[in-house]
>>> print(open('start-v5.txt').read())   # compact mmCIF, C-alpha atoms and all ligand atoms
# COMPACT_ATOMS: atom_id res chain seq x y z
CA MET G 1 102.03 -7.74 -78.52
CA ASN G 2 102.14 -5.35 -81.50
CA VAL G 3 103.94 -6.83 -84.49
CA LEU G 4 104.99 -5.46 -87.87
CA VAL G 5 104.59 -8.17 -90.53
CA THR G 6 106.54 -7.53 -93.73
CA GLY G 7 105.15 -9.48 -96.68
CA GLY G 8 102.00 -10.14 -94.66
CA ALA G 9 99.71 -10.26 -97.72
CA GLY G 10 101.55 -13.33 -99.04
CA TYR G 11 100.85 -17.02 -98.61
CA ILE G 12 102.60 -17.72 -95.30
CA GLY G 13 102.10 -14.17 -94.02
CA SER G 14 98.31 -14.23 -94.37
CA HIS G 15 98.05 -17.57 -92.54
CA THR G 16 100.36 -16.32 -89.80
CA LEU G 17 98.26 -13.17 -89.36
CA VAL G 18 95.21 -15.31 -88.65
CA GLU G 19 97.02 -17.27 -85.92
CA MET G 20 98.53 -14.09 -84.42
CA LEU G 21 95.25 -12.20 -84.36
CA ASN G 22 93.44 -15.22 -82.91
CA ALA G 23 96.12 -15.37 -80.20
CA GLY G 24 95.27 -11.76 -79.27
CA MET G 25 98.27 -10.09 -80.91
CA ASP G 26 97.98 -6.91 -82.99
CA ALA G 27 99.47 -6.68 -86.48
CA VAL G 28 100.48 -4.01 -89.00
CA VAL G 29 101.42 -5.14 -92.52
CA VAL G 30 103.81 -3.66 -95.07
CA ASP G 31 103.72 -5.31 -98.49
CA ASN G 32 104.35 -4.03 -102.02
CA LEU G 33 101.94 -6.68 -103.42
CA CYS G 34 104.54 -7.78 -106.00
CA ASN G 35 103.43 -11.38 -105.45
CA SER G 36 100.12 -11.04 -103.63
CA SER G 37 96.83 -9.21 -103.43
CA ALA G 38 95.33 -6.93 -100.79
CA GLU G 39 92.27 -9.18 -100.96
CA SER G 40 94.13 -11.69 -98.75
CA LEU G 41 94.20 -9.10 -95.95
CA LEU G 42 90.48 -8.40 -96.29
CA ARG G 43 89.91 -12.12 -95.95
CA VAL G 44 92.13 -12.30 -92.87
CA GLU G 45 89.95 -9.57 -91.36
CA GLN G 46 86.82 -11.47 -92.35
CA LEU G 47 88.14 -14.68 -90.77
CA THR G 48 89.29 -13.14 -87.51
CA GLY G 49 86.88 -10.22 -87.02
CA ARG G 50 89.97 -8.07 -86.38
CA THR G 51 91.45 -5.20 -88.39
CA VAL G 52 94.93 -5.12 -89.87
CA GLN G 53 96.50 -1.79 -90.72
CA PHE G 54 98.09 -2.06 -94.15
CA TYR G 55 100.85 0.01 -95.74
CA GLN G 56 101.20 -0.74 -99.44
CA GLY G 57 104.87 -0.15 -100.10
CA ASP G 58 108.35 -1.54 -100.45
CA ILE G 59 110.67 -2.42 -97.58
CA LEU G 60 113.47 -0.96 -99.71
CA ASN G 61 111.80 2.44 -99.27
CA LYS G 62 113.59 3.56 -96.10
CA PRO G 63 111.60 6.79 -95.51
CA LEU G 64 108.38 4.77 -95.70
CA MET G 65 109.78 2.21 -93.25
CA GLN G 66 110.81 5.03 -90.89
CA LYS G 67 107.31 6.48 -91.09
CA ILE G 68 105.75 3.10 -90.23
CA PHE G 69 108.01 2.82 -87.17
CA ALA G 70 107.22 6.42 -86.21
CA ASP G 71 103.47 5.72 -86.50
CA HIS G 72 103.55 2.61 -84.25
CA LYS G 73 105.28 1.19 -81.23
CA PHE G 74 106.22 -2.38 -82.18
CA ASP G 75 107.34 -5.18 -79.89
CA ALA G 76 108.61 -7.34 -82.74
CA VAL G 77 108.81 -7.79 -86.51
CA ILE G 78 108.14 -10.89 -88.59
CA HIS G 79 110.02 -10.56 -91.87
CA PHE G 80 108.37 -12.54 -94.68
CA ALA G 81 108.90 -10.00 -97.49
CA GLY G 82 111.10 -11.60 -100.09
CA LEU G 83 111.20 -13.03 -103.59
CA LYS G 84 111.17 -16.83 -103.66
CA ALA G 85 111.24 -18.21 -107.22
CA VAL G 86 114.40 -20.27 -107.55
CA GLY G 87 114.45 -20.29 -111.39
CA GLU G 88 113.91 -16.54 -111.62
CA SER G 89 116.71 -15.99 -109.12
CA VAL G 90 119.14 -17.79 -111.45
CA ALA G 91 118.09 -15.51 -114.35
CA LYS G 92 117.92 -12.30 -112.26
CA PRO G 93 120.33 -12.65 -109.34
CA LEU G 94 120.72 -8.91 -108.69
CA LYS G 95 116.97 -8.54 -108.26
CA TYR G 96 117.05 -11.26 -105.59
CA TYR G 97 120.07 -9.90 -103.72
CA GLN G 98 118.64 -6.37 -103.88
CA ASN G 99 115.23 -7.36 -102.61
CA ASN G 100 116.06 -10.09 -100.11
CA VAL G 101 119.42 -8.92 -98.77
CA CYS G 102 119.20 -5.11 -99.10
CA GLY G 103 115.56 -5.20 -97.96
CA THR G 104 116.61 -6.95 -94.76
CA LEU G 105 119.46 -4.49 -94.17
CA ILE G 106 117.07 -1.55 -94.41
CA LEU G 107 114.59 -3.25 -92.11
CA CYS G 108 117.30 -3.90 -89.48
CA GLU G 109 118.60 -0.33 -89.71
CA VAL G 110 115.14 1.12 -89.21
CA MET G 111 114.40 -1.29 -86.35
CA GLN G 112 117.67 -0.30 -84.68
CA GLU G 113 116.82 3.42 -85.01
CA ALA G 114 113.39 2.77 -83.52
CA GLY G 115 114.72 0.62 -80.68
CA VAL G 116 112.81 -2.51 -81.80
CA HIS G 117 115.06 -5.51 -81.23
CA ASN G 118 112.95 -8.63 -81.77
CA LEU G 119 112.93 -10.20 -85.24
CA VAL G 120 111.59 -13.42 -86.74
CA PHE G 121 113.13 -14.17 -90.13
CA SER G 122 111.74 -16.49 -92.85
CA SER G 123 114.59 -18.73 -93.79
CA SER G 124 114.42 -21.99 -95.68
CA ALA G 125 115.61 -25.59 -95.66
CA THR G 126 117.30 -24.59 -98.91
CA VAL G 127 120.21 -23.35 -96.72
CA TYR G 128 121.14 -27.01 -96.09
CA GLY G 129 121.98 -27.48 -99.80
CA ASP G 130 122.24 -31.21 -100.55
CA PRO G 131 122.42 -32.68 -97.04
CA ALA G 132 124.94 -35.44 -96.36
CA SER G 133 122.40 -37.42 -94.30
CA LEU G 134 118.81 -37.31 -93.08
CA PRO G 135 116.99 -36.14 -91.03
CA ILE G 136 118.48 -32.64 -90.93
CA THR G 137 119.30 -30.99 -87.60
CA GLU G 138 119.99 -27.27 -87.20
CA ASP G 139 123.73 -27.80 -86.81
CA PHE G 140 124.15 -29.30 -90.30
CA PRO G 141 126.53 -27.40 -92.60
CA THR G 142 124.89 -24.75 -94.79
CA SER G 143 125.39 -24.03 -98.48
CA ALA G 144 123.43 -22.67 -101.41
CA THR G 145 122.89 -23.93 -104.94
CA ASN G 146 121.14 -20.88 -106.43
CA PRO G 147 120.90 -17.11 -105.85
CA TYR G 148 117.61 -17.42 -103.96
CA GLY G 149 119.17 -19.86 -101.48
CA GLN G 150 122.31 -17.74 -101.35
CA SER G 151 120.22 -14.67 -100.46
CA LYS G 152 118.62 -16.57 -97.54
CA LEU G 153 122.01 -17.82 -96.36
CA MET G 154 123.53 -14.33 -96.64
CA VAL G 155 120.72 -12.88 -94.56
CA GLU G 156 121.10 -15.65 -91.96
CA ASN G 157 124.82 -14.85 -91.68
CA ILE G 158 124.26 -11.08 -91.59
CA LEU G 159 121.71 -11.51 -88.80
CA ALA G 160 124.16 -13.67 -86.81
CA ASP G 161 126.92 -11.03 -87.14
CA PHE G 162 124.50 -8.26 -86.30
CA GLN G 163 123.16 -10.02 -83.21
CA ARG G 164 126.70 -10.76 -82.02
CA ALA G 165 127.51 -7.06 -82.24
CA ASN G 166 124.19 -6.09 -80.63
CA PRO G 167 123.45 -8.65 -77.92
CA GLN G 168 120.28 -6.85 -76.88
CA TRP G 169 118.73 -8.14 -80.13
CA ASN G 170 116.68 -11.35 -80.24
CA ILE G 171 116.48 -13.02 -83.63
CA ALA G 172 114.74 -16.26 -84.60
CA ARG G 173 115.83 -17.73 -87.92
CA LEU G 174 113.05 -20.14 -88.93
CA ARG G 175 114.02 -22.70 -91.57
CA TYR G 176 110.82 -23.79 -93.29
CA PHE G 177 110.68 -27.07 -95.11
CA ASN G 178 107.93 -27.31 -97.81
CA PRO G 179 104.84 -25.29 -96.78
CA VAL G 180 101.60 -26.49 -98.39
CA GLY G 181 97.86 -26.46 -97.72
CA ALA G 182 95.50 -23.69 -96.73
CA HIS G 183 93.35 -22.48 -93.87
CA GLU G 184 90.54 -24.99 -93.19
CA SER G 185 87.91 -22.35 -94.02
CA GLY G 186 89.02 -22.28 -97.67
CA ILE G 187 88.96 -18.47 -97.39
CA ILE G 188 92.72 -17.92 -97.65
CA GLY G 189 95.33 -20.01 -99.47
CA GLU G 190 98.22 -20.01 -101.91
CA ASP G 191 97.60 -17.97 -105.07
CA PRO G 192 100.65 -18.17 -107.32
CA ASN G 193 101.06 -15.72 -110.17
CA ASP G 194 101.69 -17.38 -113.47
CA ILE G 195 102.72 -21.06 -113.81
CA PRO G 196 103.41 -22.53 -110.35
CA ASN G 197 107.01 -23.59 -109.69
CA ASN G 198 106.11 -25.71 -106.68
CA LEU G 199 104.54 -29.14 -106.69
CA MET G 200 101.39 -28.62 -104.63
CA PRO G 201 99.95 -25.58 -106.44
CA TYR G 202 100.78 -27.26 -109.75
CA ILE G 203 98.85 -30.42 -108.79
CA SER G 204 95.95 -28.24 -107.59
CA GLN G 205 95.81 -26.44 -110.92
CA VAL G 206 95.81 -29.75 -112.80
CA ALA G 207 92.93 -30.92 -110.59
CA ILE G 208 90.89 -27.76 -111.27
CA GLY G 209 91.52 -28.10 -115.02
CA LYS G 210 93.84 -25.11 -115.50
CA ARG G 211 96.83 -27.29 -116.47
CA GLU G 212 96.69 -30.42 -118.54
CA LYS G 213 99.09 -32.63 -116.61
CA LEU G 214 101.82 -32.67 -114.03
CA SER G 215 105.41 -33.28 -115.07
CA ILE G 216 107.19 -35.35 -112.45
CA PHE G 217 110.80 -34.27 -112.47
CA GLY G 218 112.65 -37.57 -112.34
CA ASN G 219 111.72 -41.08 -111.18
CA ASP G 220 115.25 -42.41 -110.86
CA TYR G 221 116.26 -40.87 -107.53
CA PRO G 222 117.55 -43.17 -104.79
CA THR G 223 114.20 -42.94 -102.94
CA PRO G 224 111.58 -45.66 -102.31
CA ASP G 225 109.62 -44.93 -105.51
CA GLY G 226 112.32 -43.01 -107.42
CA THR G 227 110.61 -39.59 -107.13
CA GLY G 228 111.85 -36.71 -104.94
CA VAL G 229 111.05 -36.82 -101.22
CA ARG G 230 110.26 -33.66 -99.20
CA ASP G 231 109.03 -32.65 -95.77
CA TYR G 232 105.67 -31.03 -96.58
CA ILE G 233 104.30 -28.98 -93.71
CA HIS G 234 100.78 -27.59 -93.33
CA VAL G 235 100.91 -23.80 -93.57
CA VAL G 236 98.75 -23.47 -90.44
CA ASP G 237 101.28 -25.50 -88.42
CA LEU G 238 103.97 -23.21 -89.82
CA ALA G 239 101.91 -20.14 -88.88
CA ILE G 240 101.56 -21.40 -85.30
CA GLY G 241 105.35 -21.87 -85.23
CA HIS G 242 105.66 -18.09 -85.77
CA VAL G 243 103.41 -17.32 -82.81
CA LYS G 244 105.59 -19.62 -80.68
CA ALA G 245 108.75 -17.94 -81.99
CA LEU G 246 107.38 -14.49 -81.09
CA GLU G 247 106.67 -15.76 -77.58
CA LYS G 248 110.20 -17.19 -77.38
CA LEU G 249 111.71 -13.81 -78.29
CA GLN G 250 110.05 -12.34 -75.19
CA THR G 251 112.42 -14.50 -73.09
CA SER G 252 115.51 -12.74 -74.60
CA PRO G 253 117.13 -15.82 -76.15
CA GLY G 254 119.56 -13.91 -78.41
CA LEU G 255 120.04 -15.65 -81.79
CA VAL G 256 118.04 -18.85 -82.24
CA THR G 257 117.50 -21.12 -85.25
CA TYR G 258 114.75 -23.69 -85.68
CA ASN G 259 113.70 -26.19 -88.32
CA LEU G 260 109.98 -26.00 -88.96
CA GLY G 261 109.08 -29.32 -90.57
CA THR G 262 107.20 -32.48 -89.66
CA GLY G 263 110.13 -34.90 -89.75
CA GLN G 264 108.27 -37.04 -92.28
CA GLY G 265 109.20 -37.28 -95.97
CA TYR G 266 106.71 -37.91 -98.78
CA SER G 267 107.44 -38.55 -102.44
CA VAL G 268 105.93 -36.79 -105.46
CA LEU G 269 103.86 -39.91 -106.14
CA ASP G 270 102.64 -39.93 -102.51
CA MET G 271 101.47 -36.34 -103.01
CA VAL G 272 99.71 -37.19 -106.27
CA SER G 273 97.82 -40.11 -104.75
CA ALA G 274 96.85 -38.17 -101.60
CA PHE G 275 95.56 -35.34 -103.81
CA GLU G 276 93.59 -37.76 -105.97
CA LYS G 277 91.88 -38.97 -102.82
CA ALA G 278 91.08 -35.38 -101.79
CA CYS G 279 89.59 -34.28 -105.11
CA GLY G 280 88.14 -37.60 -106.27
CA LYS G 281 89.80 -37.35 -109.69
CA LYS G 282 92.85 -38.78 -111.42
CA ILE G 283 95.78 -36.37 -111.73
CA PRO G 284 97.30 -36.99 -115.15
CA TYR G 285 101.09 -36.93 -115.11
CA GLN G 286 104.14 -37.71 -117.19
CA ILE G 287 107.65 -38.55 -116.09
CA ALA G 288 110.00 -35.75 -117.17
CA PRO G 289 113.76 -35.30 -116.79
CA ARG G 290 115.14 -34.28 -113.40
CA ARG G 291 114.92 -30.53 -112.69
CA ALA G 292 118.31 -28.83 -112.46
CA GLY G 293 119.39 -28.22 -108.87
CA ASP G 294 116.88 -30.66 -107.29
CA ILE G 295 117.99 -33.03 -104.57
CA ALA G 296 116.71 -36.57 -103.96
CA ALA G 297 115.38 -36.17 -100.45
CA CYS G 298 115.08 -33.61 -97.67
CA TYR G 299 113.34 -33.79 -94.31
CA ALA G 300 113.76 -32.19 -90.93
CA ASP G 301 114.58 -33.37 -87.50
CA PRO G 302 112.05 -31.09 -85.72
CA THR G 303 113.09 -32.10 -82.17
CA TYR G 304 114.77 -28.82 -81.30
CA ALA G 305 111.66 -26.72 -82.06
CA LEU G 306 109.64 -29.08 -79.87
CA GLN G 307 112.11 -28.76 -77.00
CA GLU G 308 112.58 -25.00 -77.25
CA LEU G 309 109.23 -23.73 -78.51
CA GLY G 310 106.88 -26.53 -77.47
CA TRP G 311 105.91 -26.60 -81.15
CA LYS G 312 105.09 -29.63 -83.22
CA ALA G 313 103.28 -30.01 -86.55
CA THR G 314 99.96 -31.78 -86.01
CA HIS G 315 98.32 -31.82 -89.45
CA THR G 316 98.59 -34.98 -91.57
CA LEU G 317 99.37 -35.23 -95.26
CA GLN G 318 95.68 -35.80 -95.96
CA ASP G 319 94.83 -32.59 -94.01
CA MET G 320 97.31 -30.73 -96.21
CA VAL G 321 95.93 -31.92 -99.54
CA ASN G 322 92.29 -31.72 -98.43
CA SER G 323 92.75 -28.09 -97.40
CA SER G 324 94.55 -27.25 -100.66
CA TRP G 325 91.72 -28.72 -102.66
CA HIS G 326 89.10 -26.97 -100.50
CA TRP G 327 90.78 -23.59 -101.17
CA GLN G 328 91.37 -24.29 -104.87
CA SER G 329 87.84 -25.54 -105.56
CA LYS G 330 86.26 -22.64 -103.66
CA ASN G 331 88.53 -20.09 -105.36
CA PRO G 332 89.40 -21.42 -108.84
CA ASN G 333 91.07 -18.10 -109.69
CA GLY G 334 92.60 -17.53 -106.29
CA TYR G 335 91.98 -14.02 -105.00
CA HIS G 336 90.97 -12.80 -108.46
CA ALA G 337 87.25 -13.12 -109.07
P1 LIG G 401 104.80 -14.88 -100.96
O1 LIG G 401 105.42 -14.43 -102.24
O2 LIG G 401 103.39 -15.37 -100.98
O3 LIG G 401 104.92 -13.74 -99.84
C1 LIG G 401 105.96 -12.81 -99.82
C2 LIG G 401 105.31 -11.43 -99.73
O4 LIG G 401 106.34 -10.43 -99.68
C3 LIG G 401 104.43 -11.12 -100.93
O5 LIG G 401 103.18 -10.66 -100.47
C4 LIG G 401 105.20 -10.01 -101.65
O6 LIG G 401 104.32 -9.11 -102.31
C5 LIG G 401 105.97 -9.37 -100.52
N1 LIG G 401 107.22 -8.69 -100.90
C6 LIG G 401 108.26 -9.19 -101.61
N2 LIG G 401 109.24 -8.27 -101.72
C7 LIG G 401 108.81 -7.16 -101.04
C8 LIG G 401 109.37 -5.88 -100.79
N3 LIG G 401 110.58 -5.55 -101.27
N4 LIG G 401 108.66 -5.01 -100.06
C9 LIG G 401 107.43 -5.33 -99.58
N5 LIG G 401 106.85 -6.51 -99.80
C10 LIG G 401 107.53 -7.42 -100.52
O7 LIG G 401 105.77 -16.01 -100.36
P2 LIG G 401 105.56 -16.96 -99.10
O8 LIG G 401 105.52 -18.35 -99.62
O9 LIG G 401 104.49 -16.45 -98.24
O10 LIG G 401 106.99 -16.78 -98.43
C11 LIG G 401 107.21 -15.87 -97.35
C12 LIG G 401 108.68 -15.94 -96.96
O11 LIG G 401 109.01 -17.27 -96.62
C13 LIG G 401 109.64 -15.54 -98.09
O12 LIG G 401 110.70 -14.80 -97.53
C14 LIG G 401 110.14 -16.87 -98.61
O13 LIG G 401 111.43 -16.76 -99.17
C15 LIG G 401 110.15 -17.71 -97.35
N6 LIG G 401 110.03 -19.15 -97.62
C16 LIG G 401 108.99 -19.61 -98.37
C17 LIG G 401 108.89 -20.99 -98.63
C18 LIG G 401 107.80 -21.53 -99.50
O14 LIG G 401 107.97 -22.63 -100.05
N7 LIG G 401 106.66 -20.86 -99.67
C19 LIG G 401 109.84 -21.87 -98.08
C20 LIG G 401 110.86 -21.35 -97.31
C21 LIG G 401 110.95 -19.99 -97.07
C1 LIG G 402 108.98 -30.61 -104.57
C2 LIG G 402 109.22 -31.91 -105.30
C3 LIG G 402 110.34 -31.62 -107.40
C4 LIG G 402 107.09 -29.40 -109.35
C5 LIG G 402 111.38 -25.21 -103.28
C6 LIG G 402 112.55 -24.30 -103.09
C7 LIG G 402 112.88 -24.18 -101.63
C8 LIG G 402 111.64 -23.78 -100.83
C9 LIG G 402 110.46 -24.64 -101.13
C10 LIG G 402 111.54 -21.44 -100.53
C11 LIG G 402 110.61 -32.01 -105.94
C12 LIG G 402 108.94 -32.16 -107.62
C13 LIG G 402 107.87 -30.10 -108.43
C14 LIG G 402 106.60 -30.09 -110.50
C15 LIG G 402 107.68 -32.10 -109.72
N1 LIG G 402 111.19 -22.46 -101.14
N2 LIG G 402 108.15 -31.42 -108.62
N3 LIG G 402 106.92 -31.41 -110.64
O1 LIG G 402 112.12 -27.85 -104.82
O2 LIG G 402 111.64 -28.93 -102.57
O3 LIG G 402 111.69 -26.50 -102.76
O4 LIG G 402 110.26 -24.70 -102.56
O5 LIG G 402 112.38 -21.33 -99.71
O6 LIG G 402 113.88 -23.24 -101.54
O7 LIG G 402 113.67 -24.85 -103.79
O8 LIG G 402 109.80 -27.70 -103.76
O9 LIG G 402 107.50 -27.90 -104.59
O10 LIG G 402 109.30 -27.13 -106.19
O11 LIG G 402 109.28 -29.51 -105.43
O12 LIG G 402 107.94 -33.30 -109.92
O13 LIG G 402 105.93 -29.52 -111.37
O14 LIG G 402 108.28 -32.00 -106.39
O15 LIG G 402 111.24 -32.20 -108.32
O16 LIG G 402 111.01 -33.36 -105.86
P1 LIG G 402 111.40 -27.83 -103.55
P2 LIG G 402 108.91 -27.98 -105.03
>>> encode(input="start-v5.txt", output="structure tokens")
Amino acid sequence: MNVLVTGGAGYIGSHTLVEMLNAGMDAVVVDNLCNSSAESLLRVEQLTGRTVQFYQGDILNKPLMQKIFADHKFDAVIHFAGLKAVGESVAKPLKYYQNNVCGTLILCEVMQEAGVHNLVFSSSATVYGDPASLPITEDFPTSATNPYGQSKLMVENILADFQRANPQWNIARLRYFNPVGAHESGIIGEDPNDIPNNLMPYISQVAIGKREKLSIFGNDYPTPDGTGVRDYIHVVDLAIGHVKALEKLQTSPGLVTYNLGTGQGYSVLDMVSAFEKACGKKIPYQIAPRRAGDIAACYADPTYALQELGWKATHTLQDMVNSSWHWQSKNPNGYHA
């Protein structure tokens, strides 16, 4: 199978490339490197012994996208390219709608012109807003609390309308919970620009000595220890979920939507203590006020993905934090020497 991977140089994209290439698929990447480095692709090649053709460019550049589709015959596209910083999306909503929504429109137009009708889209558990109960199944109502989440929800709805009008299309909307961890080799991993927004890379940077201490955003939530609970999923499990979704699209399922999570919630304090075990050091922290827009708890019911894709997360929490620490300690500055 020959697959175009938009945003393939990024965190989830690079891990997915490894699983795809190891499964015998071929991949071409388009990425503008606005939040990544081409070094990740070199490392994917090093890990797999395979080559990945790379176009450095923007999915908003329609002539470039047309050229890529003219150069190759694709069976499917995985669409990771997007901006993902929630806080920045509140400050710069147009940038997020332009990139995430308009970028997807251009991609779909070019795919339609080229006769490529199989698409895997990176959605997010953020589309469930503040869920009324837990665990979350795919039929829960959707809503958004910030422009980033709104852009994901808009794209989900656009893809549903588009598939309804074009039943020959097969589209998998994958709703990721909280991806963490790194490939077990420590050769690829998450390399955030600037101050990390997410918990796991922040803890890692405290452990390596780049940040003084973690701020825990609230310890008065209605959760077992008062801190926020999330469904952290190992990025390699998530990557394998994409390979399964590509295989599913070959069976012409039309529009499908799957939660990719473990079904297990862990608190911020659980994450801190698991990480302390992995790195053998104390992680200094302070309790800070709640972060605007955060919810108390969120975790998936992953049953549907198991039934439909035969996919299930297998890595434990300790696997997740051990692999994060392995990557961080081997690459203190990420992909930058
Ligand atoms: P990432 O920032 O590491 O990867 C995204 C990649 O897309 C980057 O390499 C970036 O340079 C590229 N990109 C962005 N806009 C582009 C454009 N217009 N043209 C070409 N390339 C562009 O992020 P990630 O964590 O790997 O996330 C991948 C996808 O998964 C995103 O769509 C994100 O919204 C979604 N997602 C991520 C999470 C998470 O917590 N990491 C959770 C749910 C969903
Ligand atoms: C996890 C928990 C925080 C940082 C976000 C996006 C979501 C999705 C995944 C893309 C929460 C707490 C965090 C810190 C902390 N992304 N925390 N101190 O908020 O569940 O989800 O990333 O789609 O859309 O909203 O993940 O890692 O930011 O936070 O105490 O410095 O850690 O309050 O309880 P979140 P997160």
>>> residues_around(input="start-v5.txt", residues="segment 311-321 of chain G", least_positions_apart="6", cutoff="8 Å", atoms="all atoms listed in the file", output="PyMOL selection string")
chain G and resi 180-182+232-234+237-238+240-241+244+261-262+271+274-275+278+302+305
>>> closest_residue(input="start-v5.txt", among="G:Asp75, G:Gln150, G:Pro141, G:Gln46", to="Pro93 of chain G", atoms="all atoms listed in the file")
G:Gln150
>>> atom_distance(input="start-v5.txt", atom1="atom CA of Leu306 of chain G", atom2="atom CA of Val256 of chain G")
13.4 Å
>>> residues_around(input="start-v5.txt", residues="Thr251 of chain G", least_positions_apart="4", cutoff="12 Å", atoms="only C-alpha atoms", output="JSON, numbers by chain")
{"G": [118, 168, 169, 170, 171, 172, 244, 245, 246, 247, 255, 256, 308, 309]}
>>> residues_near_ligand(input="start-v5.txt", ligand="ligand LIG 402 (chain G)", cutoff="8 Å", atoms="only C-alpha atoms and all ligand atoms", output="ChimeraX atom specification")
/G:84-86,123-127,148-149,176-179,196-200,202-203,214-218,227-230,267-268,288,290-291,294-298
>>> residues_near_ligand(input="start-v5.txt", ligand="ligand LIG 401 (chain G)", cutoff="8 Å", atoms="all atoms listed in the file", output="PyMOL selection string")
chain G and resi 6-14+30-37+56-60+79-84+99-100+103+121-126+148+152+175-180+190-192+198
>>> atom_distance(input="start-v5.txt", atom1="atom CA of Ser329 of chain G", atom2="atom CA of Gly209 of chain G")
10.5 Å
>>> atom_distance(input="start-v5.txt", atom1="atom CA of Tyr128 of chain G", atom2="atom CA of Thr142 of chain G")
4.6 Å
>>> closest_residue(input="start-v5.txt", among="G:Tyr285, G:Trp327, G:Tyr335, G:Phe140", to="Tyr258 of chain G", atoms="only C-alpha atoms")
G:Phe140
>>> closest_residue(input="start-v5.txt", among="G:Gln328, G:Gln163, G:Gln286, G:Gln112", to="Phe69 of chain G", atoms="all atoms listed in the file")
G:Gln112
>>> decode(input="start-v5.txt", residues="segment 91-102 of chain G", atoms="N, CA, C and O atoms", output="PDB file, in the first residue's frame")
ATOM      1  N   ALA G  91      -5.724  32.430  21.262  1.00  0.00           N
ATOM      2  CA  ALA G  91      -5.157  33.738  20.906  1.00  0.00           C
ATOM      3  C   ALA G  91      -5.194  33.980  19.396  1.00  0.00           C
ATOM      4  O   ALA G  91      -5.318  35.126  18.951  1.00  0.00           O
ATOM      5  N   LYS G  92      -5.059  32.926  18.593  1.00  0.00           N
ATOM      6  CA  LYS G  92      -4.956  33.071  17.135  1.00  0.00           C
ATOM      7  C   LYS G  92      -5.927  32.135  16.428  1.00  0.00           C
ATOM      8  O   LYS G  92      -5.506  31.205  15.714  1.00  0.00           O
ATOM      9  N   PRO G  93      -7.229  32.336  16.621  1.00  0.00           N
ATOM     10  CA  PRO G  93      -8.186  31.369  16.061  1.00  0.00           C
ATOM     11  C   PRO G  93      -8.125  31.261  14.546  1.00  0.00           C
ATOM     12  O   PRO G  93      -8.249  30.159  13.995  1.00  0.00           O
ATOM     13  N   LEU G  94      -7.907  32.393  13.847  1.00  0.00           N
ATOM     14  CA  LEU G  94      -7.931  32.323  12.377  1.00  0.00           C
ATOM     15  C   LEU G  94      -6.817  31.433  11.858  1.00  0.00           C
ATOM     16  O   LEU G  94      -7.000  30.683  10.889  1.00  0.00           O
ATOM     17  N   LYS G  95      -5.653  31.518  12.524  1.00  0.00           N
ATOM     18  CA  LYS G  95      -4.519  30.676  12.125  1.00  0.00           C
ATOM     19  C   LYS G  95      -4.908  29.193  12.218  1.00  0.00           C
ATOM     20  O   LYS G  95      -4.560  28.391  11.343  1.00  0.00           O
ATOM     21  N   TYR G  96      -5.643  28.839  13.261  1.00  0.00           N
ATOM     22  CA  TYR G  96      -6.040  27.444  13.461  1.00  0.00           C
ATOM     23  C   TYR G  96      -7.096  26.999  12.458  1.00  0.00           C
ATOM     24  O   TYR G  96      -7.026  25.901  11.918  1.00  0.00           O
ATOM     25  N   TYR G  97      -8.085  27.873  12.207  1.00  0.00           N
ATOM     26  CA  TYR G  97      -9.117  27.491  11.232  1.00  0.00           C
ATOM     27  C   TYR G  97      -8.516  27.407   9.833  1.00  0.00           C
ATOM     28  O   TYR G  97      -8.824  26.495   9.057  1.00  0.00           O
ATOM     29  N   GLN G  98      -7.638  28.370   9.519  1.00  0.00           N
ATOM     30  CA  GLN G  98      -6.984  28.365   8.209  1.00  0.00           C
ATOM     31  C   GLN G  98      -6.193  27.074   8.011  1.00  0.00           C
ATOM     32  O   GLN G  98      -6.348  26.371   7.011  1.00  0.00           O
ATOM     33  N   ASN G  99      -5.346  26.783   8.975  1.00  0.00           N
ATOM     34  CA  ASN G  99      -4.454  25.635   8.813  1.00  0.00           C
ATOM     35  C   ASN G  99      -5.229  24.313   8.880  1.00  0.00           C
ATOM     36  O   ASN G  99      -5.098  23.463   7.994  1.00  0.00           O
ATOM     37  N   ASN G 100      -6.016  24.151   9.926  1.00  0.00           N
ATOM     38  CA  ASN G 100      -6.612  22.827  10.175  1.00  0.00           C
ATOM     39  C   ASN G 100      -7.834  22.581   9.296  1.00  0.00           C
ATOM     40  O   ASN G 100      -8.017  21.462   8.794  1.00  0.00           O
ATOM     41  N   VAL G 101      -8.664  23.603   9.109  1.00  0.00           N
ATOM     42  CA  VAL G 101      -9.881  23.394   8.317  1.00  0.00           C
ATOM     43  C   VAL G 101      -9.574  23.575   6.822  1.00  0.00           C
ATOM     44  O   VAL G 101      -9.810  22.667   6.016  1.00  0.00           O
ATOM     45  N   CYS G 102      -9.005  24.744   6.455  1.00  0.00           N
ATOM     46  CA  CYS G 102      -8.737  24.970   5.022  1.00  0.00           C
ATOM     47  C   CYS G 102      -7.725  23.958   4.492  1.00  0.00           C
ATOM     48  O   CYS G 102      -7.841  23.495   3.350  1.00  0.00           O
TER      49      CYS G 102
END
